[in-house]
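Colleague: Would you mind keeping the following structure in view while I ask a few things?
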Amino acid sequence: MKSIEPMLCKKANSKILASNEYFFQPKLDGTRALFIEGKLINRRGRNIRYRYPEFKSLEIKNECVIDGEVVVYNEKGLPDFKLLQSREQTSNKLKIELLSKRYPATYVVFDCLKYKDKDLLTVPVEKRLEYLEKAVIEGNNLQIIFSTEDGKFLWDKIKSMGVEGVMAKKKGSRYHPGKRSKVCLKIKNLNTIDCIILGYTKGEGKRENTFGALRIGAYNEGELIKLGKVGTGWTDQELIDLKRKLDTLIINELDDTIYVKKELVCEVEFLELTDNLELRAPSFKGLRYDKEPKDCSIKEYL
């Protein structure tokens, strides 16, 4: 089980919230990570535990494989992706220690894939949650996700709090490593999509020394689709930091756009996908260091 990949979910609409075939959990805005042999492995296969010294003493039983999400809560007690980004963008040991005290992270767990010597991939999800209770002792930096069969109640709560959405998990279902499965569904409060940064337009006025907007894209059936531009969602410092990263990846310039290598992935919030396949009212949420460019797809929105 060393090379297991996390199960991925499919998109669903809010009608599923009334179904008695599923139970429901909050969808958290964080970094997906599997706990395997004491390591925290993100979706790019990298061990990210070193970034979180507060995770030094996670109380998870030996030989257990756990699925969860690394999040940073803000002062309102809500997952804050921008705060999490500040934790993901440094490898400096001193900064890591300082940020762990300023913006402590929490590993929120929601599945148990192995308990001691027992492989649980084919075990029904309800039973896996029972094993999760045995495998994990909750603490300041370790939580078990809240679950309920009342999807409408949870939906109303997350909408009022501004949380990203709700997960619906099919009762009696098994775990499908590395596959996007209909037994695990996401109902989003807001539309978000992972995009490849293709380049940027030159800045003017206050943004003269940074950039105006990012040109973004994603794949559909292997074809790269250009999704237009996103020009909002940053602080001044985030603009500066992102510009520095982009300038190390420049490949050419054409008209008003400076194009870069297709290496950076960002999450973008938007209202809808237009008929000409552009994002309506997009807003930049942050870079996704846990995602590969090849995984950026618009298929679920078509």
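Going through the structure tokens in order, the chains are called A, B, and so on, while each chain numbers its residues from 1 and the ligands are numbered from 1 in the order shown.
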Range 104-112 of chain A: which residues within 8 Å, counting only C-alpha atoms, same-chain residues fewer than 3 positions away excluded, as a PyMOL selection string?
Modeller: chain A and resi 52+54+64-73+84+99-101+115+120+125+128-129+131-132+135+140-145
Colleague: Taking C-alpha atoms for each residue, export the selection above as a PDB file, in the first residue's frame.
Modeller:
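Once everything was written out, this is selection.pdb:
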```
ATOM      1  CA  TYR A  52       4.326  21.075   9.703  1.00  0.00           C
ATOM      2  CA  GLU A  54       3.147  20.849  14.840  1.00  0.00           C
ATOM      3  CA  CYS A  64      -2.415   2.565   9.643  1.00  0.00           C
ATOM      4  CA  VAL A  65      -3.015   4.381   6.352  1.00  0.00           C
ATOM      5  CA  ILE A  66      -5.226   7.447   6.735  1.00  0.00           C
ATOM      6  CA  ASP A  67      -6.801   9.808   4.192  1.00  0.00           C
ATOM      7  CA  GLY A  68      -7.329  13.444   5.102  1.00  0.00           C
ATOM      8  CA  GLU A  69      -6.865  17.135   4.400  1.00  0.00           C
ATOM      9  CA  VAL A  70      -4.297  19.557   5.813  1.00  0.00           C
ATOM     10  CA  VAL A  71      -6.035  22.850   6.637  1.00  0.00           C
ATOM     11  CA  VAL A  72      -5.269  26.106   8.424  1.00  0.00           C
ATOM     12  CA  TYR A  73      -8.159  27.662  10.329  1.00  0.00           C
ATOM     13  CA  LEU A  84      -2.367  27.421   4.165  1.00  0.00           C
ATOM     14  CA  LEU A  99       4.729  29.931  10.677  1.00  0.00           C
ATOM     15  CA  SER A 100       3.789  26.758  12.560  1.00  0.00           C
ATOM     16  CA  LYS A 101       3.220  28.927  15.633  1.00  0.00           C
ATOM     17  CA  TYR A 115      -5.723  -0.679  10.100  1.00  0.00           C
ATOM     18  CA  LEU A 120      -9.636  -1.858   4.208  1.00  0.00           C
ATOM     19  CA  VAL A 125     -17.099   3.113   4.036  1.00  0.00           C
ATOM     20  CA  ARG A 128     -13.816   2.224   7.550  1.00  0.00           C
ATOM     21  CA  LEU A 129     -15.057   5.144   9.649  1.00  0.00           C
ATOM     22  CA  TYR A 131     -11.654   1.826  12.077  1.00  0.00           C
ATOM     23  CA  LEU A 132     -10.764   5.514  11.749  1.00  0.00           C
ATOM     24  CA  ALA A 135      -6.765   4.481  14.543  1.00  0.00           C
ATOM     25  CA  ASN A 140      -5.076  20.145  18.757  1.00  0.00           C
ATOM     26  CA  ASN A 141      -3.698  19.335  15.297  1.00  0.00           C
ATOM     27  CA  LEU A 142      -5.664  16.192  14.496  1.00  0.00           C
ATOM     28  CA  GLN A 143      -9.416  16.000  13.911  1.00  0.00           C
ATOM     29  CA  ILE A 144     -11.897  13.470  12.582  1.00  0.00           C
ATOM     30  CA  ILE A 145     -14.314  14.991  10.060  1.00  0.00           C
TER      31      ILE A 145
END
```
Colleague: Could you give me, as a list in words, the residues within 9 Å of range 76-79 of chain A, counting only C-alpha atoms and dropping anything in the same chain fewer than 2 positions from it?
Modeller: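 Result of the neighbour search: Leu28, Asp29, Gly30, Val71, Val72, Tyr73, Asn74, Phe81, Leu83, Leu84, Met161, Gly162, Val163 and Glu164 of chain A.
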Colleague: For the selection just defined, write its residues with N, CA and C atoms to a file, as a CSV table (one decimal), in the first residue's frame.
Modeller:
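Full text of result.csv as output:
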```
chain,number,residue,atom,x,y,z
A,28,LEU,N,-13.5,20.6,2.8
A,28,LEU,CA,-12.6,21.5,3.3
A,28,LEU,C,-11.6,22.0,2.3
A,29,ASP,N,-11.2,23.3,2.4
A,29,ASP,CA,-10.3,23.9,1.4
A,29,ASP,C,-8.9,23.8,1.9
A,30,GLY,N,-8.3,22.7,1.6
A,30,GLY,CA,-6.9,22.5,2.0
A,30,GLY,C,-6.1,21.6,1.1
A,71,VAL,N,-5.4,21.5,6.7
A,71,VAL,CA,-6.0,22.9,6.6
A,71,VAL,C,-5.4,23.8,7.7
A,72,VAL,N,-5.6,25.1,7.4
A,72,VAL,CA,-5.3,26.1,8.4
A,72,VAL,C,-6.5,26.9,8.7
A,73,TYR,N,-7.0,26.9,10.0
A,73,TYR,CA,-8.2,27.7,10.3
A,73,TYR,C,-7.8,29.1,10.6
A,74,ASN,N,-8.7,30.0,10.2
A,74,ASN,CA,-8.5,31.4,10.5
A,74,ASN,C,-9.1,31.8,11.8
A,81,PHE,N,-7.6,29.0,2.8
A,81,PHE,CA,-6.6,28.5,1.9
A,81,PHE,C,-5.4,29.4,1.7
A,83,LEU,N,-4.0,31.2,4.0
A,83,LEU,CA,-3.1,31.0,5.2
A,83,LEU,C,-2.4,29.7,5.0
A,84,LEU,N,-3.0,28.7,4.4
A,84,LEU,CA,-2.4,27.4,4.2
A,84,LEU,C,-1.3,27.6,3.1
A,161,MET,N,-21.8,29.7,6.6
A,161,MET,CA,-20.4,29.9,7.1
A,161,MET,C,-19.5,30.3,6.0
A,162,GLY,N,-19.9,30.0,4.7
A,162,GLY,CA,-19.0,30.3,3.6
A,162,GLY,C,-17.9,29.2,3.4
A,163,VAL,N,-18.2,28.0,3.8
A,163,VAL,CA,-17.3,26.8,3.6
A,163,VAL,C,-17.5,26.4,2.2
A,164,GLU,N,-16.5,25.7,1.7
A,164,GLU,CA,-16.4,25.4,0.2
A,164,GLU,C,-17.5,24.5,-0.3
```
Colleague: Do you have the CA of Lys285 in chain A-CA of Arg46 in chain A distance handy?
Modeller: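 That distance, rounded to one decimal, is 22.2 Å.
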Colleague: Any idea what's packed within 9 Å of range 235-252 of chain A, counting only C-alpha atoms, ignoring anything in its chain fewer than 3 positions away? Could you give it as a list in words?
Modeller: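 The residues satisfying every condition are Ile197, Gly199, Tyr200, Arg207, Asn209, Thr210, Phe211, Thr257, Ile258, Tyr259, Val260, Lys261, Lys262, Glu263, Leu264 and Leu287 of chain A.
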Colleague: Using DSSP on the backbone coordinates, identify the residues of range 79-108 of chain A assigned to strand (DSSP E); present them as a PyMOL selection string.
Modeller: chain A and resi 105-108
Colleague: Would you kindly return, as number ranges by chain, each protein, DNA or RNA residue with an atom no farther than 7 Å from any atom of Asp290 in chain A, considering only C-alpha atoms and excluding same-chain residues fewer than 2 positions away?
Modeller: A: 31, 42-44, 288, 292
Colleague: Given the selection you just returned, output its residues as a file containing N, CA and C atoms, formatted as a PDB file, in the first residue's frame.
Modeller:
```pdb
ATOM      1  N   THR A  31      -5.107  20.920   1.590  1.00  0.00           N
ATOM      2  CA  THR A  31      -4.241  20.065   0.778  1.00  0.00           C
ATOM      3  C   THR A  31      -4.488  18.610   1.139  1.00  0.00           C
ATOM      4  N   ASN A  42       1.300  14.066  -0.425  1.00  0.00           N
ATOM      5  CA  ASN A  42       0.296  14.847  -1.153  1.00  0.00           C
ATOM      6  C   ASN A  42       0.009  14.203  -2.514  1.00  0.00           C
ATOM      7  N   ARG A  43      -0.851  14.826  -3.306  1.00  0.00           N
ATOM      8  CA  ARG A  43      -1.273  14.229  -4.570  1.00  0.00           C
ATOM      9  C   ARG A  43      -0.163  14.184  -5.614  1.00  0.00           C
ATOM     10  N   ARG A  44       0.922  14.884  -5.368  1.00  0.00           N
ATOM     11  CA  ARG A  44       2.070  14.809  -6.274  1.00  0.00           C
ATOM     12  C   ARG A  44       3.091  13.781  -5.805  1.00  0.00           C
ATOM     13  N   ARG A 288      -1.688  25.902  -6.407  1.00  0.00           N
ATOM     14  CA  ARG A 288      -1.895  24.550  -5.908  1.00  0.00           C
ATOM     15  C   ARG A 288      -0.611  23.761  -6.128  1.00  0.00           C
ATOM     16  N   GLU A 292      -0.868  18.508 -10.306  1.00  0.00           N
ATOM     17  CA  GLU A 292      -0.073  18.480 -11.530  1.00  0.00           C
ATOM     18  C   GLU A 292      -0.848  19.171 -12.660  1.00  0.00           C
TER      19      GLU A 292
END
```
Colleague: Take CA of Leu279 in chain A and CA of Leu154 in chain A and report the distance between them in Å, one decimal.
Modeller: 28.1 Å
Colleague: Between CA of Glu278 in chain A and CA of Gly212 in chain A, what is the distance in Å, rounded to a tenth?
Modeller: 17.6 Å
